[in-house]
file start-v7.cif (mmCIF, C-alpha atoms)
data_data
loop_
_atom_site.label_atom_id
_atom_site.label_comp_id
_atom_site.auth_asym_id
_atom_site.auth_seq_id
_atom_site.Cartn_x
_atom_site.Cartn_y
_atom_site.Cartn_z
CA MET F 1 119.63 90.78 91.61
CA ARG F 2 118.18 91.80 88.29
CA ILE F 3 117.09 89.48 85.54
CA LYS F 4 115.66 90.29 82.15
CA SER F 5 113.04 88.33 80.19
CA PRO F 6 113.79 86.92 77.61
CA CYS F 7 116.97 85.45 79.04
CA THR F 8 119.39 82.58 78.42
CA GLU F 9 119.37 79.11 79.93
CA LYS F 10 122.80 79.83 81.44
CA GLU F 11 121.50 82.87 83.35
CA ILE F 12 118.54 80.91 84.70
CA ARG F 13 120.67 77.97 85.80
CA LYS F 14 122.63 80.32 88.06
CA LEU F 15 119.55 81.19 90.13
CA ARG F 16 119.01 79.44 93.46
CA VAL F 17 116.10 79.08 95.85
CA GLY F 18 115.95 82.12 98.09
CA ASP F 19 117.36 84.58 95.56
CA ASP F 20 115.68 87.96 95.64
CA VAL F 21 115.06 88.93 92.04
CA GLU F 22 113.81 92.01 90.23
CA ILE F 23 112.33 91.09 86.87
CA TYR F 24 112.70 93.36 83.86
CA GLY F 25 111.59 93.01 80.26
CA LYS F 26 108.76 91.30 78.43
CA ILE F 27 106.50 88.90 80.31
CA TYR F 28 103.16 87.30 79.38
CA THR F 29 100.20 86.63 81.65
CA ALA F 30 98.73 83.17 81.22
CA ARG F 31 96.27 81.34 83.41
CA ASP F 32 93.80 78.47 82.94
CA ARG F 33 92.34 79.39 79.57
CA ALA F 34 95.57 80.64 78.01
CA HIS F 35 97.35 77.45 79.08
CA LYS F 36 94.69 75.32 77.46
CA TRP F 37 94.84 77.44 74.31
CA LEU F 38 98.64 77.16 74.16
CA LEU F 39 98.39 73.39 74.55
CA ASP F 40 95.84 73.17 71.73
CA LEU F 41 98.10 75.24 69.45
CA MET F 42 100.94 72.89 70.24
CA LYS F 43 98.85 69.81 69.42
CA GLU F 44 97.87 71.33 66.09
CA SER F 45 101.53 72.22 65.44
CA LYS F 46 100.55 75.86 65.05
CA LYS F 47 102.53 78.86 66.25
CA SER F 48 101.30 81.68 68.43
CA GLU F 49 101.59 85.19 67.02
CA PHE F 50 103.99 86.08 69.84
CA GLU F 51 107.29 84.53 70.83
CA LEU F 52 107.32 82.89 74.25
CA GLU F 53 110.72 81.28 73.86
CA ASN F 54 113.11 82.20 76.69
CA CYS F 55 110.45 84.48 78.24
CA PHE F 56 108.65 84.38 81.59
CA ILE F 57 104.96 83.77 82.02
CA TYR F 58 102.93 85.23 84.87
CA HIS F 59 99.98 83.40 86.44
CA CYS F 60 97.89 86.53 86.75
CA GLY F 61 94.52 87.94 85.77
CA PRO F 62 95.17 91.67 86.03
CA LEU F 63 92.81 94.55 86.58
CA VAL F 64 93.31 96.81 83.57
CA LYS F 65 91.65 100.18 83.01
CA ASP F 66 92.18 102.28 79.88
CA ASN F 67 95.13 100.06 79.01
CA GLN F 68 96.80 100.84 82.36
CA ILE F 69 97.61 98.07 84.82
CA ILE F 70 95.86 99.04 88.05
CA SER F 71 96.29 95.91 90.14
CA ALA F 72 98.08 92.70 89.18
CA GLY F 73 99.01 90.03 91.74
CA PRO F 74 99.59 86.33 91.15
CA THR F 75 96.91 83.64 91.03
CA THR F 76 97.28 80.10 92.44
CA SER F 77 99.76 78.26 90.22
CA ALA F 78 98.73 74.74 91.26
CA ARG F 79 95.72 74.97 88.93
CA MET F 80 98.15 74.89 86.00
CA ASN F 81 100.10 71.84 87.27
CA TYR F 82 98.40 69.43 84.89
CA ILE F 83 99.58 71.27 81.81
CA GLU F 84 102.60 73.39 82.79
CA PRO F 85 105.35 70.81 82.08
CA GLU F 86 104.24 70.53 78.43
CA ILE F 87 104.04 74.32 78.09
CA ILE F 88 107.51 74.80 79.58
CA GLN F 89 109.05 72.12 77.38
CA ASN F 90 107.36 73.06 74.15
CA TYR F 91 107.64 76.84 74.39
CA LYS F 92 111.02 76.87 76.19
CA ILE F 93 109.72 79.02 79.04
CA ARG F 94 112.51 80.21 81.34
CA GLY F 95 110.44 81.41 84.26
CA VAL F 96 107.00 80.99 85.78
CA ILE F 97 105.77 83.71 88.16
CA GLY F 98 102.93 82.79 90.50
CA LYS F 99 101.94 81.90 94.04
CA GLY F 100 101.73 78.70 96.05
CA GLY F 101 104.37 76.76 94.12
CA MET F 102 103.98 73.88 91.64
CA ASP F 103 104.18 70.09 91.63
CA LYS F 104 106.98 67.57 91.10
CA ARG F 105 106.28 67.08 87.40
CA THR F 106 106.58 70.83 86.76
CA GLN F 107 109.74 70.99 88.83
CA LYS F 108 111.20 68.17 86.72
CA ALA F 109 110.35 70.04 83.50
CA MET F 110 112.07 73.11 84.94
CA GLN F 111 115.17 71.06 85.70
CA ASP F 112 115.21 69.57 82.20
CA VAL F 113 114.61 72.78 80.25
CA GLY F 114 116.39 75.21 82.54
CA ALA F 115 113.61 77.26 84.10
CA VAL F 116 112.66 78.51 87.57
CA TYR F 117 109.58 79.35 89.60
CA PHE F 118 109.34 82.86 90.98
CA LEU F 119 107.04 83.51 93.92
CA ALA F 120 105.29 86.88 93.84
CA THR F 121 103.49 88.03 96.99
CA GLY F 122 99.84 87.03 96.67
CA GLY F 123 97.48 89.94 97.09
CA ALA F 124 100.27 92.54 96.81
CA ALA F 125 98.66 93.60 93.58
CA ALA F 126 98.86 97.40 93.84
CA LEU F 127 102.59 97.18 94.60
CA LEU F 128 103.25 94.72 91.76
CA ALA F 129 101.19 96.76 89.27
CA GLU F 130 103.48 99.74 89.86
CA LYS F 131 106.24 97.70 88.24
CA LEU F 132 104.23 96.69 85.17
CA SER F 133 102.87 98.34 82.05
CA VAL F 134 100.76 97.03 79.18
CA ILE F 135 102.33 96.44 75.79
CA ARG F 136 99.36 94.66 74.21
CA ALA F 137 96.68 92.04 74.78
CA TYR F 138 96.33 88.77 72.89
CA LYS F 139 93.09 86.75 72.86
CA PRO F 140 90.97 89.64 74.22
CA GLU F 141 87.92 87.45 73.62
CA PHE F 142 88.97 85.46 76.72
CA GLY F 143 88.05 88.50 78.83
CA MET F 144 90.22 90.74 81.02
CA VAL F 145 91.10 87.95 83.45
CA GLU F 146 92.01 85.20 81.01
CA SER F 147 93.55 87.19 78.11
CA ILE F 148 97.24 86.94 77.44
CA TRP F 149 98.65 90.33 78.38
CA GLU F 150 102.07 91.16 77.06
CA LEU F 151 103.57 93.31 79.81
CA LYS F 152 106.71 95.27 80.38
CA ALA F 153 108.21 94.57 83.79
CA LYS F 154 110.31 97.25 85.45
CA GLY F 155 111.73 95.60 88.55
CA LEU F 156 108.94 93.21 89.53
CA PRO F 157 109.94 91.95 93.02
CA VAL F 158 109.88 88.15 93.39
CA ILE F 159 111.89 85.37 95.02
CA VAL F 160 113.04 82.10 93.50
CA THR F 161 111.27 79.23 95.26
CA ILE F 162 111.90 76.41 92.74
CA ASP F 163 115.23 76.46 90.93
CA SER F 164 116.57 74.42 88.01
CA GLN F 165 118.84 72.36 90.29
CA GLY F 166 116.12 70.42 92.06
CA ASN F 167 115.64 72.72 95.06
CA ASN F 168 112.06 73.51 96.02
CA LEU F 169 111.17 75.74 98.98
CA HIS F 170 107.49 74.72 98.81
CA GLU F 171 108.41 71.07 99.15
CA GLU F 172 110.69 71.88 102.08
CA ILE F 173 107.92 73.79 103.88
CA TYR F 174 105.41 71.04 103.08
CA ASN F 175 107.63 68.42 104.70
CA LYS F 176 108.45 70.60 107.69
CA SER F 177 104.80 71.50 108.33
CA LYS F 178 103.86 67.84 107.92
CA ARG F 179 106.23 66.93 110.75
CA ASN F 180 104.77 69.76 112.84
CA LEU F 181 101.25 68.54 112.12
CA GLU F 182 102.14 65.02 113.19
CA LYS F 183 103.59 66.38 116.44
CA LEU F 184 100.43 68.39 117.12
CA LEU F 185 98.17 65.43 116.48
CA GLY F 186 100.37 63.25 118.69
CA MET G 1 72.03 109.65 97.60
CA ASP G 2 70.10 106.60 96.39
CA ILE G 3 70.96 103.05 97.40
CA VAL G 4 72.59 102.18 94.06
CA ASN G 5 75.12 104.99 94.39
CA ARG G 6 75.75 104.20 98.04
CA ILE G 7 76.64 100.63 97.06
CA VAL G 8 78.86 101.72 94.16
CA GLU G 9 80.67 103.92 96.69
CA LEU G 10 80.87 101.00 99.11
CA TYR G 11 82.53 98.93 96.39
CA GLU G 12 84.99 101.73 95.66
CA ASP G 13 86.01 102.12 99.32
CA THR G 14 86.12 98.41 100.06
CA THR G 15 88.42 97.42 97.18
CA VAL G 16 91.20 99.81 98.18
CA LYS G 17 91.31 99.30 101.95
CA ILE G 18 92.22 96.64 104.48
CA ARG G 19 90.51 96.52 107.89
CA PRO G 20 92.33 98.27 110.76
CA ASP G 21 92.34 95.07 112.86
CA VAL G 22 94.01 93.13 110.03
CA ILE G 23 96.60 95.90 109.54
CA ARG G 24 97.31 95.84 113.29
CA ALA G 25 97.71 92.06 113.25
CA LEU G 26 100.02 92.22 110.20
CA ASN G 27 102.22 94.82 111.89
CA ASP G 28 102.33 92.76 115.10
CA SER G 29 103.32 89.69 113.06
CA LEU G 30 106.11 91.59 111.33
CA GLU G 31 107.59 92.47 114.73
CA GLU G 32 107.50 88.85 115.84
CA GLU G 33 108.65 87.23 112.61
CA ARG G 34 112.28 86.04 112.55
CA ASP G 35 112.23 83.98 109.32
CA PRO G 36 113.83 86.14 106.59
CA TYR G 37 111.56 84.91 103.77
CA ALA G 38 108.46 85.37 105.89
CA TYR G 39 109.60 88.80 106.98
CA ARG G 40 110.03 89.88 103.35
CA GLN G 41 106.54 88.63 102.41
CA LEU G 42 105.00 90.55 105.32
CA GLU G 43 106.96 93.67 104.41
CA GLN G 44 105.61 93.56 100.86
CA ILE G 45 102.07 92.94 102.10
CA ILE G 46 102.21 95.97 104.42
CA GLU G 47 103.82 98.14 101.74
CA ASN G 48 101.08 97.08 99.31
CA VAL G 49 98.35 98.06 101.77
CA LYS G 50 99.89 101.53 102.03
CA ILE G 51 100.19 101.99 98.26
CA ALA G 52 96.62 100.81 97.64
CA GLU G 53 95.11 103.17 100.18
CA LYS G 54 97.23 106.16 99.19
CA LYS G 55 96.68 105.78 95.44
CA ARG G 56 93.14 104.40 95.76
CA LYS G 57 94.04 101.23 93.84
CA PRO G 58 92.53 97.80 94.51
CA VAL G 59 94.57 96.00 97.19
CA CYS G 60 94.26 92.77 95.20
CA GLU G 61 93.37 92.43 91.50
CA ASP G 62 90.93 89.69 92.45
CA THR G 63 87.93 91.61 93.74
CA GLY G 64 86.31 88.25 94.36
CA THR G 65 82.69 87.24 94.47
CA PRO G 66 80.86 90.22 95.98
CA THR G 67 79.13 88.74 99.01
CA PHE G 68 76.54 90.71 100.96
CA PHE G 69 75.27 90.09 104.47
CA ILE G 70 72.24 92.26 105.07
CA LYS G 71 70.37 93.04 108.27
CA ARG G 72 67.18 94.51 106.90
CA ASN G 73 64.77 96.95 108.48
CA LYS G 74 61.29 95.55 107.81
CA ASP G 75 60.16 98.65 105.88
CA LEU G 76 62.90 98.36 103.26
CA SER G 77 61.98 95.79 100.65
CA GLU G 78 64.30 92.87 99.98
CA LEU G 79 63.58 93.17 96.26
CA LYS G 80 64.59 96.82 96.22
CA ILE G 81 67.89 96.07 97.94
CA ARG G 82 68.55 93.13 95.61
CA ASP G 83 67.84 95.18 92.48
CA SER G 84 70.05 98.01 93.77
CA ILE G 85 72.94 95.62 94.42
CA PHE G 86 72.70 94.09 90.94
CA LYS G 87 72.58 97.55 89.34
CA ALA G 88 75.49 98.81 91.47
CA THR G 89 77.52 95.72 90.61
CA GLU G 90 76.96 96.35 86.92
CA ILE G 91 78.11 99.97 87.28
CA ALA G 92 81.13 99.03 89.39
CA THR G 93 82.16 96.41 86.83
CA GLU G 94 81.77 98.88 83.98
CA LYS G 95 83.87 101.50 85.81
CA VAL G 96 86.50 98.79 86.50
CA ILE G 97 86.14 99.24 90.26
CA LEU G 98 85.59 95.47 90.19
CA ARG G 99 87.42 93.06 87.93
CA PRO G 100 85.00 91.08 85.72
CA SER G 101 85.74 87.82 87.52
CA ALA G 102 82.58 85.78 86.88
CA TYR G 103 82.29 83.16 84.14
CA ASP G 104 79.37 81.05 82.99
CA PRO G 105 80.43 77.55 84.02
CA ILE G 106 78.70 75.94 81.03
CA THR G 107 79.61 78.23 78.13
CA GLY G 108 82.82 79.74 79.53
CA GLU G 109 81.52 83.21 78.72
CA ASN G 110 82.51 86.12 80.97
CA VAL G 111 79.46 87.52 82.74
CA GLY G 112 81.03 90.41 84.64
CA ASN G 113 80.32 89.89 88.32
CA PHE G 114 77.62 87.99 90.15
CA PRO G 115 76.82 89.18 93.69
CA GLU G 116 75.62 86.72 96.33
CA ILE G 117 73.24 88.15 98.92
CA HIS G 118 72.20 86.87 102.35
CA PHE G 119 69.21 88.59 103.97
CA GLU G 120 68.02 88.67 107.55
CA GLU G 121 65.31 90.93 108.94
CA TRP G 122 65.90 92.65 112.26
CA ASN G 123 64.15 95.01 114.67
CA GLU G 124 66.33 98.11 114.23
CA ASP G 125 64.97 101.12 112.32
CA TYR G 126 67.84 101.04 109.84
CA THR G 127 69.38 98.52 107.45
CA LYS G 128 72.98 97.36 107.74
CA ILE G 129 74.80 96.19 104.62
CA ASN G 130 78.06 94.29 105.02
CA LEU G 131 80.14 93.57 101.94
CA LEU G 132 82.79 90.89 101.77
CA LEU G 133 85.20 90.79 98.82
CA LYS G 134 86.98 87.50 98.97
CA GLY G 135 89.30 86.34 96.22
CA GLY G 136 88.90 83.00 94.44
CA GLY G 137 92.12 81.57 95.89
CA SER G 138 90.90 82.12 99.43
CA GLU G 139 87.42 80.82 98.64
CA ASN G 140 89.02 77.65 97.26
CA GLY G 141 90.45 76.98 100.73
CA GLY G 142 86.98 76.52 102.26
CA ARG G 143 85.36 73.13 102.84
CA ILE G 144 83.02 71.04 104.96
CA LEU G 145 84.77 68.87 107.52
CA THR G 146 83.41 65.69 109.08
CA PRO G 147 85.49 65.04 112.23
CA LYS G 148 86.10 61.47 113.26
CA TYR G 149 85.75 62.45 116.92
CA ARG G 150 82.56 64.38 117.52
CA ASN G 151 83.99 66.94 119.91
CA LEU G 152 86.29 69.98 119.89
CA ASP G 153 89.40 67.77 119.69
CA GLY G 154 88.01 66.23 116.52
CA VAL G 155 87.28 69.69 115.10
CA ARG G 156 90.79 70.85 115.95
CA GLU G 157 92.33 67.87 114.15
CA GLU G 158 90.35 68.40 110.93
CA VAL G 159 90.95 72.16 110.85
CA LEU G 160 94.69 71.64 111.32
CA LYS G 161 94.72 69.12 108.47
CA ALA G 162 92.74 71.47 106.23
CA VAL G 163 95.09 74.43 106.81
CA PHE G 164 98.06 72.12 106.27
CA GLU G 165 96.63 71.06 102.92
CA MET G 166 96.13 74.67 101.84
CA GLN G 167 99.83 75.44 102.38
CA GLY G 168 100.53 78.79 100.65
CA GLN G 169 97.77 78.56 98.07
CA SER G 170 95.07 80.65 99.73
CA CYS G 171 97.33 83.61 100.51
CA PRO G 172 98.18 83.21 104.19
CA PRO G 173 98.31 84.77 106.73
CA GLY G 174 94.52 84.78 106.75
CA ILE G 175 91.56 84.19 109.00
CA VAL G 176 89.85 80.85 109.59
CA GLY G 177 86.07 81.00 110.11
CA ILE G 178 84.44 77.91 111.60
CA CYS G 179 80.86 76.92 112.30
CA ILE G 180 80.42 73.67 114.24
CA GLY G 181 77.13 71.83 113.72
CA GLY G 182 74.19 72.62 111.45
CA SER G 183 73.50 71.37 107.96
CA GLN G 184 76.00 71.65 105.13
CA ASP G 185 74.83 74.87 103.48
CA TYR G 186 73.87 76.61 106.71
CA ASN G 187 77.16 76.09 108.51
CA LEU G 188 79.29 77.29 105.59
CA LYS G 189 77.31 80.50 105.46
CA ARG G 190 77.75 81.02 109.21
CA ALA G 191 81.45 80.17 108.94
CA LYS G 192 81.82 82.87 106.29
CA GLU G 193 80.03 85.36 108.54
CA MET G 194 82.62 84.63 111.23
CA LEU G 195 85.21 86.23 108.92
CA LEU G 196 83.55 89.61 109.45
CA ARG G 197 84.32 89.55 113.20
CA ASP G 198 86.98 91.87 114.59
CA LEU G 199 90.23 89.95 115.08
CA TYR G 200 90.57 91.38 118.58
CA ASP G 201 87.03 90.66 119.82
CA LYS G 202 86.38 87.95 122.39
CA ASN G 203 83.92 85.15 121.78
CA GLU G 204 81.01 85.38 124.21
CA ASN G 205 81.16 81.64 124.63
CA ASN G 206 84.11 80.99 126.97
CA ILE G 207 84.76 77.50 125.66
CA LEU G 208 84.91 78.74 122.06
CA ALA G 209 86.99 81.77 123.08
CA GLU G 210 89.64 79.46 124.51
CA PHE G 211 89.32 77.11 121.53
CA GLU G 212 89.93 79.98 119.07
CA GLU G 213 93.09 81.14 120.85
CA LYS G 214 94.54 77.68 121.22
CA LEU G 215 93.79 76.67 117.63
CA LYS G 216 95.34 79.88 116.32
CA ASP G 217 98.58 79.06 118.17
CA ASP G 218 98.49 75.45 116.95
CA ILE G 219 98.02 76.54 113.33
CA ASN G 220 100.89 78.99 113.63
CA SER G 221 103.12 76.27 114.99
CA LEU G 222 102.72 74.43 111.66
CA GLU G 223 105.22 77.00 110.33
CA ILE G 224 103.69 77.32 106.88
CA GLY G 225 104.13 81.08 107.07
CA PRO G 226 103.07 83.99 104.86
CA MET G 227 102.52 82.78 101.27
CA GLY G 228 103.76 79.38 102.41
CA VAL G 229 107.45 80.36 102.62
CA GLY G 230 107.81 79.25 106.26
CA GLY G 231 107.83 81.25 109.49
CA LYS G 232 105.41 81.58 112.36
CA THR G 233 102.74 83.75 110.75
CA THR G 234 100.35 81.31 109.10
CA ILE G 235 97.15 82.75 110.47
CA LEU G 236 95.97 86.04 111.99
CA GLY G 237 92.95 84.64 113.78
CA VAL G 238 90.42 81.86 114.23
CA LYS G 239 86.75 82.77 114.69
CA ALA G 240 84.29 80.06 115.62
CA CYS G 241 80.61 79.61 116.38
CA SER G 242 78.30 76.66 116.87
CA VAL G 243 74.73 75.79 115.97
CA PRO G 244 72.76 72.71 116.99
CA ARG G 245 73.44 69.64 114.87
CA HIS G 246 71.21 66.77 113.86
CA ALA G 247 71.74 63.70 116.06
CA ALA G 248 73.16 61.79 113.10
CA SER G 249 75.45 64.52 111.72
CA TYR G 250 78.53 66.40 112.86
CA PHE G 251 79.50 68.86 110.15
CA VAL G 252 82.00 71.68 110.51
CA GLY G 253 81.95 74.48 107.98
CA LEU G 254 85.33 76.08 107.30
CA SER G 255 85.67 79.33 105.40
CA TYR G 256 89.07 80.92 104.82
CA LEU G 257 89.81 84.59 104.26
CA CYS G 258 93.18 85.63 102.81
CA TRP G 259 94.97 88.57 104.44
CA ALA G 260 93.68 90.70 101.53
CA GLY G 261 90.04 89.86 102.25
CA ARG G 262 88.19 93.16 102.17
CA THR G 263 85.12 94.09 104.15
CA GLY G 264 82.96 97.19 104.16
CA GLU G 265 79.78 98.36 105.84
CA ILE G 266 77.07 100.95 105.22
CA LEU G 267 73.91 101.84 107.09
CA ILE G 268 70.74 102.89 105.32
#
call {"tool": "encode", "arguments": {"input": "start-v7.cif", "output": "structure tokens"}}
result
Amino acid sequence: MRIKSPCTEKEIRKLRVGDDVEIYGKIYTARDRAHKWLLDLMKESKKSEFELENCFIYHCGPLVKDNQIISAGPTTSARMNYIEPEIIQNYKIRGVIGKGGMDKRTQKAMQDVGAVYFLATGGAAALLAEKLSVIRAYKPEFGMVESIWELKAKGLPVIVTIDSQGNNLHEEIYNKSKRNLEKLLG
Amino acid sequence: MDIVNRIVELYEDTTVKIRPDVIRALNDSLEEERDPYAYRQLEQIIENVKIAEKKRKPVCEDTGTPTFFIKRNKDLSELKIRDSIFKATEIATEKVILRPSAYDPITGENVGNFPEIHFEEWNEDYTKINLLLKGGGSENGGRILTPKYRNLDGVREEVLKAVFEMQGQSCPPGIVGICIGGSQDYNLKRAKEMLLRDLYDKNENNILAEFEEKLKDDINSLEIGPMGVGGKTTILGVKACSVPRHAASYFVGLSYLCWAGRTGEILI
């Protein structure tokens, strides 16, 4: 199914774990440094010069040449666990795109606010870049990797792995593989 | 062509291509995979490999820490090779063949890329340069293990636990490189070298050959799957070696390579 960023809480609440989604519209890359910066802005009660409300953020440090996205896969989302719930709640983020899944606290924030986690295929960066173009870069002083890139998505292929109803595929796989591990170790 | 240009070219070729043995293993896995989520992840991975090679685009945006393993002919100076690699890395970063992925850990300033180079002299009349581009997420999966039981069963247990802890974070299905024994820095380096081995080779040590096969099957039966979505393709291969250990120590170096780990080779 197709979904456009920014979107409404109602649209997001309809999504379920396992849904194949093509993302369209405006998304923002944000990883370690951008998250920290957004948190600092929040603490100082300042506003960013762009509007994140109802939009999706992408855990990604793209490879950009002459303002063209060449390669842009997801980075490991777990690094942002410590700060993501506050970002989601404060900025009313509707979707987080990344890889590896996120923790319980983030899942809870997603349930409260009405947001989901989209898993993009790690390393499939040439394929994902074909579905993205650059609108502009914020905080270029953070460097290519850590800048906040405002991107236009044109059918970015992802699946929902944490929904706003308390379902979490990563947790399911964790528990299943834990049982398998216990069996193997007898 | 001088060495600097040869290395820039090596960077260019290595970023856009996946090894034939990895492609073969990915295709084999796709045939075997019954889990719908896992199947879809593998499909996208294989499609991505095709796009990257056809359009000459980096397979993964994370071009990693450029890591060089060099077998040096004694007449070619180590300093000359080192200087050439640093120069080539600068050029490749400027031309955006490589993403500027390196940061100063104290100041937070971006410093482009910082190559790591391992030298060894050998008796051949040529020099062999192997390049490994390994993303940060896959490097983060590596660690030193200290098995409770100082034997292969103990190693198996700790490796299984380590891969379980990684879940989908280091971009499975990948390759696990292991070096049993040695000191802490030495065995991690050797474990990383194991990642350069062909997935379909056979370990010359029969005990380790059997150990690799069995451990691969055990890891796959964890059912973590590609990108951690479940399914039977968690790993494409296990490659192990051993070096003598100190009587008091029993370290195991584990290095993990994501499916998108890229390797290249040139001879000079």
call {"tool": "atom_distance", "arguments": {"input": "start-v7.cif", "atom1": "CA of Glu150 in chain F", "atom2": "CA of Pro62 in chain F"}}
result
11.3 Å
call {"tool": "resolve_selection", "arguments": {"input": "start-v7.cif", "expression": "the PyMOL selection byres ((chain F) within 6 of (chain G))", "output": "list in words"}}
result
Pro62, Leu63, Ser71, Ala72, Thr76, Gly100, Gly122, Gly123, Ala124, Ala125, Ala126, Leu127, Ile173, Ser177 and Asn180 of chain F
call {"tool": "resolve_selection", "arguments": {"input": "start-v7.cif", "expression": "the PyMOL selection byres ((chain F and resi 1) around 9)", "output": "PyMOL selection string"}}
result
chain F and resi 2-3+19-23
call {"tool": "atom_distance", "arguments": {"input": "start-v7.cif", "atom1": "CA of Phe56 in chain F", "atom2": "CA of Tyr28 in chain F"}}
result
6.6 Å
call {"tool": "closest_residue", "arguments": {"input": "start-v7.cif", "among": "F:Leu132, F:Ala115, F:Leu169, F:Ile69", "to": "Lys10 in chain F", "atoms": "all atoms listed in the file"}}
result
F:Ala115
call {"tool": "atom_distance", "arguments": {"input": "start-v7.cif", "atom1": "CA of Leu26 in chain G", "atom2": "CA of Val238 in chain G"}}
result
14.7 Å
call {"tool": "residues_around", "arguments": {"input": "start-v7.cif", "residues": "Ile148 in chain F", "least_positions_apart": "3", "cutoff": "10 Å", "atoms": "only C-alpha atoms", "output": "list of chain:residue names"}}
result
F:Ile27, F:Tyr28, F:Thr29, F:Ala30, F:Arg31, F:Arg33, F:Ala34, F:His35, F:Ile57, F:Tyr58, F:Cys60, F:Gly61, F:Arg136, F:Ala137, F:Tyr138, F:Lys139, F:Pro140, F:Phe142, F:Gly143, F:Met144, F:Val145, F:Leu151
call {"tool": "residues_around", "arguments": {"input": "start-v7.cif", "residues": "Cys7 in chain F", "least_positions_apart": "4", "cutoff": "8 Å", "atoms": "all atoms listed in the file", "output": "PDB file with C-alpha atoms, in the frame of the given file"}}
result
ATOM      1  CA  ILE F   3     117.090  89.480  85.540  1.00  0.00           C
ATOM      2  CA  GLU F  11     121.500  82.870  83.350  1.00  0.00           C
ATOM      3  CA  ILE F  12     118.540  80.910  84.700  1.00  0.00           C
ATOM      4  CA  ASN F  54     113.110  82.200  76.690  1.00  0.00           C
ATOM      5  CA  CYS F  55     110.450  84.480  78.240  1.00  0.00           C
ATOM      6  CA  ARG F  94     112.510  80.210  81.340  1.00  0.00           C
TER       7      ARG F  94
END
call {"tool": "residues_around", "arguments": {"input": "start-v7.cif", "residues": "Glu84 in chain F", "least_positions_apart": "2", "cutoff": "12 Å", "atoms": "only C-alpha atoms", "output": "MDAnalysis selection string"}}
result
chainID F and resid 30:32 34:36 38:39 57 59 77:82 86:93 95:96 101:110 115 117
call {"tool": "closest_residue", "arguments": {"input": "start-v7.cif", "among": "G:Asn123, G:Ser183, G:Thr233, G:Thr89", "to": "Asn27 in chain G", "atoms": "all atoms listed in the file"}}
result
G:Thr233
call {"tool": "resolve_selection", "arguments": {"input": "start-v7.cif", "expression": "the PyMOL selection byres ((chain G and resi 115) around 12)", "output": "PyMOL selection string"}}
result
chain G and resi 7+11+63-69+82-90+92-93+98+100-102+111-114+116-118+131-134
call {"tool": "residues_around", "arguments": {"input": "start-v7.cif", "residues": "Gln68 in chain F", "least_positions_apart": "2", "cutoff": "9 Å", "atoms": "all atoms listed in the file", "output": "list in words"}}
result
Leu63, Val64, Lys65, Asp66, Ile70, Leu132, Ser133 and Val134 of chain F
call {"tool": "write_last_selection", "arguments": {"input": "start-v7.cif", "atoms": "C-alpha atoms", "output": "compact mmCIF listing (two decimals), keeping the file's coordinate frame"}}
result
# COMPACT_ATOMS: atom_id res chain seq x y z
CA LEU F 63 92.81 94.55 86.58
CA VAL F 64 93.31 96.81 83.57
CA LYS F 65 91.65 100.18 83.01
CA ASP F 66 92.18 102.28 79.88
CA ILE F 70 95.86 99.04 88.05
CA LEU F 132 104.23 96.69 85.17
CA SER F 133 102.87 98.34 82.05
CA VAL F 134 100.76 97.03 79.18
call {"tool": "residues_around", "arguments": {"input": "start-v7.cif", "residues": "Glu158 in chain G", "least_positions_apart": "3", "cutoff": "12 Å", "atoms": "only C-alpha atoms", "output": "MDAnalysis selection string"}}
result
(chainID F and resid 181 184:185) or (chainID G and resid 143:155 161:165 178 180 215 219 251:254)
call {"tool": "build_atoms", "arguments": {"input": "start-v7.cif", "residues": "range 143-151 of chain F", "atoms": "N, CA and C atoms", "output": "PDB file, keeping the file's coordinate frame"}}
result
ATOM      1  N   GLY F 143      88.427  87.617  77.722  1.00  0.00           N
ATOM      2  CA  GLY F 143      88.050  88.500  78.830  1.00  0.00           C
ATOM      3  C   GLY F 143      89.292  89.023  79.546  1.00  0.00           C
ATOM      4  N   MET F 144      89.086  90.070  80.356  1.00  0.00           N
ATOM      5  CA  MET F 144      90.220  90.740  81.020  1.00  0.00           C
ATOM      6  C   MET F 144      91.070  89.758  81.829  1.00  0.00           C
ATOM      7  N   VAL F 145      90.397  88.857  82.533  1.00  0.00           N
ATOM      8  CA  VAL F 145      91.100  87.950  83.450  1.00  0.00           C
ATOM      9  C   VAL F 145      91.947  86.932  82.688  1.00  0.00           C
ATOM     10  N   GLU F 146      91.380  86.355  81.645  1.00  0.00           N
ATOM     11  CA  GLU F 146      92.010  85.200  81.010  1.00  0.00           C
ATOM     12  C   GLU F 146      92.810  85.537  79.741  1.00  0.00           C
ATOM     13  N   SER F 147      92.772  86.799  79.294  1.00  0.00           N
ATOM     14  CA  SER F 147      93.550  87.190  78.110  1.00  0.00           C
ATOM     15  C   SER F 147      95.038  87.004  78.368  1.00  0.00           C
ATOM     16  N   ILE F 148      95.792  86.980  77.285  1.00  0.00           N
ATOM     17  CA  ILE F 148      97.240  86.940  77.440  1.00  0.00           C
ATOM     18  C   ILE F 148      97.743  88.372  77.287  1.00  0.00           C
ATOM     19  N   TRP F 149      98.166  88.945  78.381  1.00  0.00           N
ATOM     20  CA  TRP F 149      98.650  90.330  78.380  1.00  0.00           C
ATOM     21  C   TRP F 149     100.167  90.315  78.230  1.00  0.00           C
ATOM     22  N   GLU F 150     100.630  90.986  77.185  1.00  0.00           N
ATOM     23  CA  GLU F 150     102.070  91.160  77.060  1.00  0.00           C
ATOM     24  C   GLU F 150     102.416  92.403  77.880  1.00  0.00           C
ATOM     25  N   LEU F 151     103.274  92.223  78.873  1.00  0.00           N
ATOM     26  CA  LEU F 151     103.570  93.310  79.810  1.00  0.00           C
ATOM     27  C   LEU F 151     105.053  93.643  79.809  1.00  0.00           C
TER      28      LEU F 151
END
